[in-house]
Amino acid sequence: MNRPYIRYRIFHILAVIMVTAGLAVSVSNSPALAQSPRGAEDVRVALATTPSVRVIVALRPPAQNADVGVQTQEVKDRQARIMEAVPDPELKVLHRYQSVAGLSGEVTAAGLEALATQPDVMSVALDLPVEAALTPSAALIHADAVHQNLGITGAGVNVAVLDTGVDVTHPDLASKIVAQHCFNRGGCLPDATDEGDIAQDENGHGTHVSGVIVSQGSQSPRGIAPDAGLVAVRVLGSSGVGFSSDVIAGIDWVVANQASLNVAAINLSLGGGAYEGACDQADANTMLYAAATTAARDAGIAVFAASGNGAEANKMTTPACVANVIAVGNIYDTASEGINWGNCVDELVTVDQVVCSGNSSSELDLLAPGVLITSTKLGGGQSTKSGTSTATPHAAAVAALLVQANPSLTPADIETVLENTGVPVTDSRSGRVVPRIDALAAVSQVITKQTVTFSGAILLQGRTDHSGTAIFLTETSCAESSFTESAATTKVDGSFEIIAADDQDFECLRASHPGYLSAQQSFPGQSLGSFTLPGGDANGDQVVDILDLAMIATLYRTDDPIGDINGDGLVNIFDLVITASNYQERGPIIISLEE
C-alpha cells in the first residue's frame, strides 16, 4: 500500500470507532496534523491542564542493512540514552520496545522539553487511544468448501489476536489457546498490573473476534480456521479501550517470541484516529505502528487491521492506514430491507454491498463479511456483532488456511493472493473497487498438491555399477506409451525415486538401458522392489538372438559400448557369455507386482 499520504496533527485525543451489537460509536473525527520531527504542540496543549500525559516517542531507526542483532542493540542504546537524558519522573517509561525504535511513557512539561533536545528523537505524540472496532458468513467466502472439499482447516497454523483478550474457559475456544499475554495499564489480571501472562477477556469483543477464527462450533458457529491455534494478547481494557503504545507492545511481544509462537497472522480489530492515504509518517503513533508491523512482516507474519466504523469514504484509522498492514472493510453477506447504523443508513441491502459505516481510503485492501456475525460470547454461548472488527478476523483466518495449504507463503504472497482471487466489489460512495475475499479461490491457487513416491532398484546383469537406467512413468498404457522422456535415472546401486502428484493416474512404469532388455509394470505400485534386467540386446530390438551375438563378435576386443554389455571397457568373452545366457529372451519383461 505504498501511496501518497496526507499528514495530519492531533489537536485533541482521538479514539477509534467501536462497534458493539451493531452500533458504531465515534469518539472523535478530528484530523491529526503532522508535527515537526521534534515538535509536539498537541502534547504541550495537553500538559497545560495536567501534570503529565501518556506519549509515544519515535526514535531514529537503526541501520536497515545491519543484521537483526545489531539493529536490536542500536534500539536498546537509543532507548538507554533517552532514559538517561530524561529520567523519571520527567519521563516514566511504560514500554521499551524490542523490535521497534521507540518507547512510550508518561511525560511532564519539563520532560517534553528535554525530549525535544535529544538527537535520537524523531517525533513525540500523545499516546493515541484505541478501541475495539467491531457466522454463517463462511458460505459467502466459500470457507466451508475449503474445509469440506480440500480438507484445509488451519491445522498447524497460529493466529495472534490483539484485542480485549479471550474467554479462556469458553468451550469453543479454551482448547485452541496456545499462548497468552497482556499489555494493559493497570488492567492485567489477576492483580491489575501493567503486564502479565493472562489474557482473560472482561469485555467480550476479543472473545467474539477469536471465535470467528477458531471456534470449535459446539456453542457458536464453527470458525473460518477451526483447527488453527490462538495466541491471545490483551491490549484493551474491560471497556474496550486502550492505547496505541499497548497495541505496539503486543505486536513487539509477538515478534520477539516468534520462534516459539510460530504466528502466521496478527488480527487487529481495533484502531484510532482518522487518516487519509498511507499514514506511516503522520505522527509518532503511526511511525511506531509502521516499524512494528514491518518487523512483523520481516518475521513472516501478515498483519490485518480493521478500517474502522466512522462512515468515512476517504479516511481510515491507524494501524489500518499503515502501508504494510492489510486493511479490511466490511460488506453484507445477506440481503435485507436496510439498516440504520446511526452515522449512516443502508437501504435495500444486497449481498456484497459495502457497509456505509465502514471506513475506506486508497489504503483499503480487502473486504469481508461484517454484519450481524454470530460468534463466541464472553461467559459461554454465542452473540451477534457487526463492524469492521468482525470482517477482519475472516481475512486473518483465511490467511491461516493459505499457510496450511502452502507453508512457504510470505506475508506479501498472502496479501497478493487474497487481492488477486477476491471478488471485485465497488463502493458506491467513492467508486473504489476492492476485492472481497474468496477463501476457496485463494486456497485453490496456492495449495501444495499431495504427492506420491515411486521407488525401487533396477540392477544390470553382469555389472557392479547399475547407474544410467532410464525410468519412465506414463499416464497411458504401456502399449500406447512412447517412452520419450524419462522421469528418473538409477543411481550406482540401481535405486531410483520418483515424486509425483497423487492426482495423476499412472498406468505404466518402464525401465530401459542400452544393451539390456527393457522391463515394465502396468498400474505400478509405489514400491517396485528390486529387479535385474537381462543383458545381451546389443541391437536394441527387444530380443536376444543371433544378430546380437554376431554384432558382439564383430566388435570383439574393442571398447565399443554397443558390444560391451557388462561395461568393463572391453568387448570380450564375458559379454558373449551374458548374451548367450539370455538367448531367445524377449522384452519388455513384465515385472510382477511386489507381494
# chains A, B, ... in the order shown; residues from 1 in each chain; ligands from 1
>>> residues_around(residues="Phe472 in chain A", least_positions_apart="4", cutoff="8 Å", atoms="only C-alpha atoms", output="ChimeraX atom specification")
/A:483,485-488,508-511
>>> write_last_selection(atoms="C-alpha atoms", output="PDB file, in the first residue's frame")
ATOM      1  CA  PHE A 483       8.711 -43.509 -23.623  1.00  0.00           C
ATOM      2  CA  GLU A 485      11.064 -38.526 -21.603  1.00  0.00           C
ATOM      3  CA  SER A 486      12.310 -40.323 -18.522  1.00  0.00           C
ATOM      4  CA  ALA A 487      11.071 -39.467 -15.033  1.00  0.00           C
ATOM      5  CA  ALA A 488      14.231 -40.659 -13.253  1.00  0.00           C
ATOM      6  CA  CYS A 508       2.862 -47.810 -16.873  1.00  0.00           C
ATOM      7  CA  LEU A 509       6.396 -47.840 -15.456  1.00  0.00           C
ATOM      8  CA  ARG A 510       9.251 -48.922 -17.754  1.00  0.00           C
ATOM      9  CA  ALA A 511      12.992 -49.378 -17.133  1.00  0.00           C
TER      10      ALA A 511
END
>>> select_by_dssp(residues="range 10-236 of chain A", states="strand (DSSP E or B)", output="ChimeraX atom specification")
/A:17-20,23-26,33,52-59,91-96,102-108,121-126,129-132,158-163,166,177-188,193-196,200,229-234,236
>>> closest_residue(among="A:Leu528, A:Val168, A:Ile339, A:Cys188", to="Leu378 in chain A", atoms="only C-alpha atoms")
A:Val168
>>> closest_residue(among="A:Gly358, A:Gly308, A:Gly240, A:Pro393", to="Val209 in chain A", atoms="only C-alpha atoms")
A:Pro393
>>> select_by_dssp(residues="range 454-575 of chain A", states="helix (DSSP H, G or I)", output="ChimeraX atom specification")
/A:546-554,573-575
>>> residues_around(residues="Gln180 in chain A", least_positions_apart="4", cutoff="6 Å", atoms="only C-alpha atoms", output="JSON, numbers by chain")
{"A": [197, 198, 199, 231, 232, 233]}
>>> closest_atom_pairs(of="range 184-231 of chain A", to="range 84-108 of chain A", cutoff="12 Å", atoms="only C-alpha atoms", output="tab-separated table")
residue	atom	partner	partner_atom	distance
A:Asn184	CA	A:Leu94	CA	10.3
A:Arg185	CA	A:Leu94	CA	8.5
A:Gly186	CA	A:Leu94	CA	11.2
A:Thr193	CA	A:Leu94	CA	11.7
A:Asp194	CA	A:Leu94	CA	8.3
A:Glu195	CA	A:Leu94	CA	9.9
>>> atom_distance(atom1="CA of Tyr289 in chain A", atom2="CA of Ala110 in chain A")
26.3 Å
>>> closest_residue(among="A:Arg297, A:Lys385, A:His170, A:Arg54", to="Gly111 in chain A", atoms="only C-alpha atoms")
A:Arg54
>>> closest_residue(among="A:Val403, A:Ile414, A:Leu128, A:Leu261", to="Ala179 in chain A", atoms="only C-alpha atoms")
A:Leu261
>>> decode(residues="range 40-190 of chain A", atoms="C-alpha atoms", output="compact mmCIF listing (two decimals), in the first residue's frame")
# COMPACT_ATOMS: atom_id res chain seq x y z
CA ALA A 40 4.79 18.18 19.96
CA GLU A 41 2.28 21.02 20.19
CA ASP A 42 -0.60 18.66 20.94
CA VAL A 43 1.38 17.29 23.89
CA ARG A 44 2.11 20.82 25.14
CA VAL A 45 -1.57 21.71 24.91
CA ALA A 46 -2.49 18.63 26.95
CA LEU A 47 0.19 19.39 29.55
CA ALA A 48 -1.29 22.83 30.11
CA THR A 49 -4.11 21.22 32.07
CA THR A 50 -2.45 18.16 33.63
CA PRO A 51 0.93 17.41 35.25
CA SER A 52 1.74 14.52 32.90
CA VAL A 53 0.37 12.77 29.82
CA ARG A 54 0.92 9.46 28.04
CA VAL A 55 3.10 9.83 24.96
CA ILE A 56 4.73 7.76 22.26
CA VAL A 57 8.30 8.63 21.32
CA ALA A 58 9.58 7.65 17.87
CA LEU A 59 13.36 7.30 17.73
CA ARG A 60 15.75 7.25 14.80
CA PRO A 61 15.56 3.75 13.27
CA PRO A 62 18.65 1.50 13.22
CA ALA A 63 20.65 0.90 10.05
CA GLN A 64 18.49 -1.20 7.74
CA ASN A 65 21.43 -3.13 6.28
CA ALA A 66 22.63 -4.33 9.69
CA ASP A 67 21.75 -7.79 10.97
CA VAL A 68 18.92 -8.23 13.46
CA GLY A 69 21.20 -8.47 16.49
CA VAL A 70 22.94 -5.20 15.65
CA GLN A 71 19.61 -3.46 15.00
CA THR A 72 18.20 -4.65 18.32
CA GLN A 73 21.25 -3.37 20.17
CA GLU A 74 21.04 0.01 18.41
CA VAL A 75 17.42 0.33 19.55
CA LYS A 76 18.42 -0.53 23.14
CA ASP A 77 21.24 2.03 23.05
CA ARG A 78 18.97 4.81 21.80
CA GLN A 79 16.35 3.99 24.43
CA ALA A 80 19.01 3.99 27.15
CA ARG A 81 20.29 7.41 26.09
CA ILE A 82 16.79 8.86 26.22
CA MET A 83 16.11 7.36 29.65
CA GLU A 84 19.40 8.73 30.95
CA ALA A 85 18.82 12.20 29.50
CA VAL A 86 15.19 12.36 30.65
CA PRO A 87 14.94 10.33 33.87
CA ASP A 88 11.91 9.52 35.99
CA PRO A 89 9.77 11.44 37.00
CA GLU A 90 10.13 13.70 33.91
CA LEU A 91 9.67 10.57 31.74
CA LYS A 92 8.21 7.46 33.32
CA VAL A 93 8.77 4.72 30.74
CA LEU A 94 5.87 2.30 30.24
CA HIS A 95 7.03 0.33 27.18
CA ARG A 96 10.58 -0.17 25.98
CA TYR A 97 10.14 -2.00 22.66
CA GLN A 98 12.48 -4.67 21.33
CA SER A 99 11.90 -4.63 17.57
CA VAL A 100 10.69 -1.03 17.30
CA ALA A 101 12.83 2.10 17.55
CA GLY A 102 10.76 3.86 20.15
CA LEU A 103 9.28 3.84 23.62
CA SER A 104 6.24 5.11 25.45
CA GLY A 105 5.60 6.60 28.83
CA GLU A 106 4.21 9.45 30.89
CA VAL A 107 5.97 12.77 30.37
CA THR A 108 5.91 16.07 32.24
CA ALA A 109 6.30 19.50 30.65
CA ALA A 110 9.98 19.53 31.64
CA GLY A 111 10.41 16.05 30.26
CA LEU A 112 8.85 17.06 26.95
CA GLU A 113 11.25 19.95 26.53
CA ALA A 114 14.15 17.63 27.35
CA LEU A 115 12.96 15.12 24.75
CA ALA A 116 12.81 17.88 22.14
CA THR A 117 16.57 18.42 22.51
CA GLN A 118 17.56 14.78 22.01
CA PRO A 119 19.05 13.96 18.58
CA ASP A 120 17.70 10.39 18.79
CA VAL A 121 14.09 11.63 18.94
CA MET A 122 12.20 11.89 15.64
CA SER A 123 8.71 12.60 16.95
CA VAL A 124 6.66 12.81 20.15
CA ALA A 125 2.88 12.49 20.18
CA LEU A 126 0.04 11.82 22.56
CA ASP A 127 -0.42 8.08 23.00
CA LEU A 128 -3.40 7.64 20.68
CA PRO A 129 -6.40 5.99 22.34
CA VAL A 130 -7.73 2.94 20.51
CA GLU A 131 -10.94 1.00 20.86
CA ALA A 132 -12.34 -2.25 19.59
CA ALA A 133 -13.73 -1.81 16.06
CA LEU A 134 -16.24 -4.38 15.96
CA THR A 135 -21.08 -16.80 11.44
CA PRO A 136 -22.88 -18.08 8.99
CA SER A 137 -20.69 -15.89 6.82
CA ALA A 138 -18.39 -18.76 5.83
CA ALA A 139 -20.60 -19.69 2.88
CA LEU A 140 -20.21 -16.35 1.07
CA ILE A 141 -16.41 -16.55 1.12
CA HIS A 142 -16.54 -20.32 0.43
CA ALA A 143 -14.62 -21.22 3.58
CA ASP A 144 -16.98 -24.16 4.10
CA ALA A 145 -15.94 -25.56 0.71
CA VAL A 146 -12.27 -25.22 1.68
CA HIS A 147 -12.97 -27.36 4.76
CA GLN A 148 -15.10 -29.96 3.01
CA ASN A 149 -13.51 -30.22 -0.44
CA LEU A 150 -9.86 -29.51 0.27
CA GLY A 151 -9.54 -30.64 3.89
CA ILE A 152 -7.85 -27.33 4.81
CA THR A 153 -8.87 -26.06 8.27
CA GLY A 154 -5.86 -24.07 9.51
CA ALA A 155 -4.20 -27.03 11.22
CA GLY A 156 -0.64 -26.35 12.34
CA VAL A 157 -1.00 -22.56 11.92
CA ASN A 158 -1.27 -19.98 14.74
CA VAL A 159 -3.07 -16.63 14.63
CA ALA A 160 -2.48 -13.86 17.19
CA VAL A 161 -5.49 -11.79 18.22
CA LEU A 162 -4.60 -8.48 19.90
CA ASP A 163 -7.82 -7.27 21.49
CA THR A 164 -9.68 -7.25 24.82
CA GLY A 165 -8.43 -10.76 25.45
CA VAL A 166 -10.30 -14.04 25.18
CA ASP A 167 -12.66 -16.04 27.37
CA VAL A 168 -10.13 -18.69 28.35
CA THR A 169 -12.88 -21.03 29.59
CA HIS A 170 -15.26 -20.84 26.62
CA PRO A 171 -15.82 -24.41 25.36
CA ASP A 172 -15.29 -23.33 21.74
CA LEU A 173 -12.02 -21.51 22.47
CA ALA A 174 -10.26 -22.97 25.51
CA SER A 175 -8.58 -25.83 23.66
CA LYS A 176 -7.31 -23.50 20.92
CA ILE A 177 -5.24 -21.17 23.10
CA VAL A 178 -1.53 -21.88 22.61
CA ALA A 179 -0.18 -18.75 24.36
CA GLN A 180 -1.46 -15.61 26.05
CA HIS A 181 -0.12 -12.29 27.34
CA CYS A 182 -1.40 -8.91 28.49
CA PHE A 183 -0.35 -5.28 28.00
CA ASN A 184 -2.97 -3.04 29.60
CA ARG A 185 -2.09 -0.23 32.01
CA GLY A 186 -3.40 -1.33 35.39
CA GLY A 187 -5.76 -3.83 33.79
CA CYS A 188 -3.91 -7.14 33.56
CA LEU A 189 -5.36 -9.90 35.71
CA PRO A 190 -5.25 -11.04 38.42
